[in-house]
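Undergrad: Handing you this structure, nothing more for now.
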Amino acid sequence: MASEGDLAIARYDKLTADEITDKLTELSQLDLAKIDSYERKNQNRTTVLGRITSLRGDEPWTGYDELTAAEVQA
């Protein structure tokens with residue numbers, strides 16, 4: 001399980017649901033998965049979880065989300 005320090009959003013536990021949802025579009029699928037897991041085990045806010053669900057999708061191939069634009073083009 002991820003801890004707050006493992007999350008891609010700094011000071012996560014101090015932010016409101018609206019502040020968190022505003023930042024979610026900038027995150028990778030891996031980061032969204034970590035936040036989803038953390039949120040479900042902690043505050044379990046439907047606003048945050050719903051937004052994560054709408055943003056999550058399958059990667060075209062394993063590791064895609066960690067590649068740079070040049071690596072994807074290659």
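For the structure tokens, the naming scheme is as follows: chains receive sequential letters (A, B, ...) according to their order of presentation, residues are indexed from 1 within each chain, and ligands are indexed from 1 in presentation order.
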Mind checking which residues fall within 8 Å of Arg56 (chain A), counting only C-alpha atoms, ignoring those fewer than 4 positions away in the same chain, and posting them as a list of chain:residue names?
TA: A:Gln29, A:Leu32, A:Ala33, A:Ile52
Undergrad: List the spatial neighbours of Val72 (chain A) as a list in words - criterion: any atom at most 12 Å away, only C-alpha atoms, same-chain residues fewer than 4 positions off excluded.
TA: Glu59, Pro60, Trp61, Thr62, Gly63, Tyr64, Asp65, Glu66, Leu67 and Thr68 of chain A
Undergrad: One number please: CA of Asp13 (chain A) to CA of Ser37 (chain A), in Å, one decimal.
TA: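 Straight-line distance from CA of Asp13 (chain A) to CA of Ser37 (chain A) works out to 13.8 Å.
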Undergrad: Which residues are close to Lys23 (chain A), i.e. within 10 Å by only C-alpha atoms, leaving aside same-chain residues fewer than 4 positions away? Reply as a PyMOL selection string.
TA: chain A and resi 8-9+18-19+27
Undergrad: Would you save the residues of that selection, restricted to all heavy atoms, as a PDB file, in the first residue's frame?
TA:
```pdb
ATOM      1  N   ALA A   8       2.057  11.249  -5.918  1.00  0.00           N
ATOM      2  CA  ALA A   8       2.568  12.280  -6.832  1.00  0.00           C
ATOM      3  C   ALA A   8       2.014  13.670  -6.519  1.00  0.00           C
ATOM      4  O   ALA A   8       2.399  14.639  -7.157  1.00  0.00           O
ATOM      5  CB  ALA A   8       2.231  11.909  -8.271  1.00  0.00           C
ATOM      6  N   ILE A   9       1.136  13.772  -5.546  1.00  0.00           N
ATOM      7  CA  ILE A   9       0.579  15.063  -5.137  1.00  0.00           C
ATOM      8  C   ILE A   9       1.100  15.372  -3.743  1.00  0.00           C
ATOM      9  O   ILE A   9       0.788  14.661  -2.780  1.00  0.00           O
ATOM     10  CB  ILE A   9      -0.963  15.041  -5.153  1.00  0.00           C
ATOM     11  CG1 ILE A   9      -1.479  14.772  -6.570  1.00  0.00           C
ATOM     12  CG2 ILE A   9      -1.522  16.344  -4.613  1.00  0.00           C
ATOM     13  CD1 ILE A   9      -2.987  14.623  -6.675  1.00  0.00           C
ATOM     14  N   ASP A  18     -11.618  18.960  -3.961  1.00  0.00           N
ATOM     15  CA  ASP A  18     -11.546  19.804  -5.164  1.00  0.00           C
ATOM     16  C   ASP A  18     -10.109  20.104  -5.554  1.00  0.00           C
ATOM     17  O   ASP A  18      -9.770  20.099  -6.739  1.00  0.00           O
ATOM     18  CB  ASP A  18     -12.306  21.113  -4.958  1.00  0.00           C
ATOM     19  CG  ASP A  18     -13.811  20.915  -4.969  1.00  0.00           C
ATOM     20  OD1 ASP A  18     -14.287  19.904  -5.529  1.00  0.00           O
ATOM     21  OD2 ASP A  18     -14.518  21.778  -4.408  1.00  0.00           O
ATOM     22  N   GLU A  19      -9.258  20.365  -4.576  1.00  0.00           N
ATOM     23  CA  GLU A  19      -7.845  20.636  -4.873  1.00  0.00           C
ATOM     24  C   GLU A  19      -7.178  19.404  -5.479  1.00  0.00           C
ATOM     25  O   GLU A  19      -6.368  19.518  -6.399  1.00  0.00           O
ATOM     26  CB  GLU A  19      -7.112  21.075  -3.602  1.00  0.00           C
ATOM     27  CG  GLU A  19      -7.523  22.445  -3.119  1.00  0.00           C
ATOM     28  CD  GLU A  19      -6.965  22.794  -1.752  1.00  0.00           C
ATOM     29  OE1 GLU A  19      -6.851  21.895  -0.884  1.00  0.00           O
ATOM     30  OE2 GLU A  19      -6.650  23.977  -1.542  1.00  0.00           O
ATOM     31  N   LEU A  27      -1.486  13.491 -13.961  1.00  0.00           N
ATOM     32  CA  LEU A  27      -0.820  12.296 -13.453  1.00  0.00           C
ATOM     33  C   LEU A  27      -0.859  11.125 -14.418  1.00  0.00           C
ATOM     34  O   LEU A  27      -1.760  10.997 -15.238  1.00  0.00           O
ATOM     35  CB  LEU A  27      -1.464  11.876 -12.128  1.00  0.00           C
ATOM     36  CG  LEU A  27      -1.460  12.927 -11.026  1.00  0.00           C
ATOM     37  CD1 LEU A  27      -2.107  12.362  -9.768  1.00  0.00           C
ATOM     38  CD2 LEU A  27      -0.066  13.429 -10.741  1.00  0.00           C
TER      39      LEU A  27
END
```
Undergrad: Write down as a PDB file with C-alpha atoms, in the first residue's frame the residues belonging to region 27-62 of chain A that are assigned helix (DSSP H, G or I) by DSSP computed on the backbone.
TA:
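Final output, saved to selection37.pdb:
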```pdb
ATOM      1  CA  GLN A  29      -1.970   5.923 -14.887  1.00  0.00           C
ATOM      2  CA  LEU A  30       0.441   4.490 -12.320  1.00  0.00           C
ATOM      3  CA  ASP A  31       0.132   7.586 -10.119  1.00  0.00           C
ATOM      4  CA  LEU A  32      -3.662   7.495 -10.446  1.00  0.00           C
ATOM      5  CA  ALA A  33      -3.658   3.859  -9.327  1.00  0.00           C
ATOM      6  CA  LYS A  34      -1.567   4.719  -6.264  1.00  0.00           C
ATOM      7  CA  ILE A  35      -3.865   7.582  -5.330  1.00  0.00           C
ATOM      8  CA  ASP A  36      -6.936   5.417  -5.901  1.00  0.00           C
ATOM      9  CA  SER A  37      -5.613   2.769  -3.533  1.00  0.00           C
ATOM     10  CA  TYR A  38      -4.527   5.320  -0.926  1.00  0.00           C
ATOM     11  CA  GLU A  39      -7.821   7.224  -1.082  1.00  0.00           C
ATOM     12  CA  ARG A  40      -9.910   4.047  -0.720  1.00  0.00           C
ATOM     13  CA  LYS A  41      -7.992   3.043   2.415  1.00  0.00           C
ATOM     14  CA  THR A  46     -16.472   9.737  -3.762  1.00  0.00           C
ATOM     15  CA  THR A  47     -15.530  12.970  -5.565  1.00  0.00           C
ATOM     16  CA  VAL A  48     -11.863  11.968  -5.786  1.00  0.00           C
ATOM     17  CA  LEU A  49     -12.545   8.314  -6.591  1.00  0.00           C
ATOM     18  CA  GLY A  50     -15.070   9.201  -9.289  1.00  0.00           C
ATOM     19  CA  ARG A  51     -12.638  11.544 -11.007  1.00  0.00           C
ATOM     20  CA  ILE A  52      -9.874   8.936 -10.877  1.00  0.00           C
ATOM     21  CA  THR A  53     -12.222   6.361 -12.424  1.00  0.00           C
ATOM     22  CA  SER A  54     -13.020   8.743 -15.286  1.00  0.00           C
ATOM     23  CA  LEU A  55      -9.298   9.304 -15.973  1.00  0.00           C
TER      24      LEU A  55
END
```
Undergrad: Using Å and a single decimal, report how far CA of Ala2 (chain A) sits from CA of Ala70 (chain A).
TA: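 Answer for the CA of Ala70 (chain A) to CA of Ala2 (chain A) separation: 29.8 Å.
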Undergrad: Here is a test: counting only C-alpha atoms, which residue of A:Gln73, A:Asn42, A:Thr16, A:Thr25 is nearest to Ser3 (chain A)?
TA: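 Ranking A:Gln73, A:Asn42, A:Thr16, A:Thr25 by distance to Ser3 (chain A), first place goes to A:Asn42.
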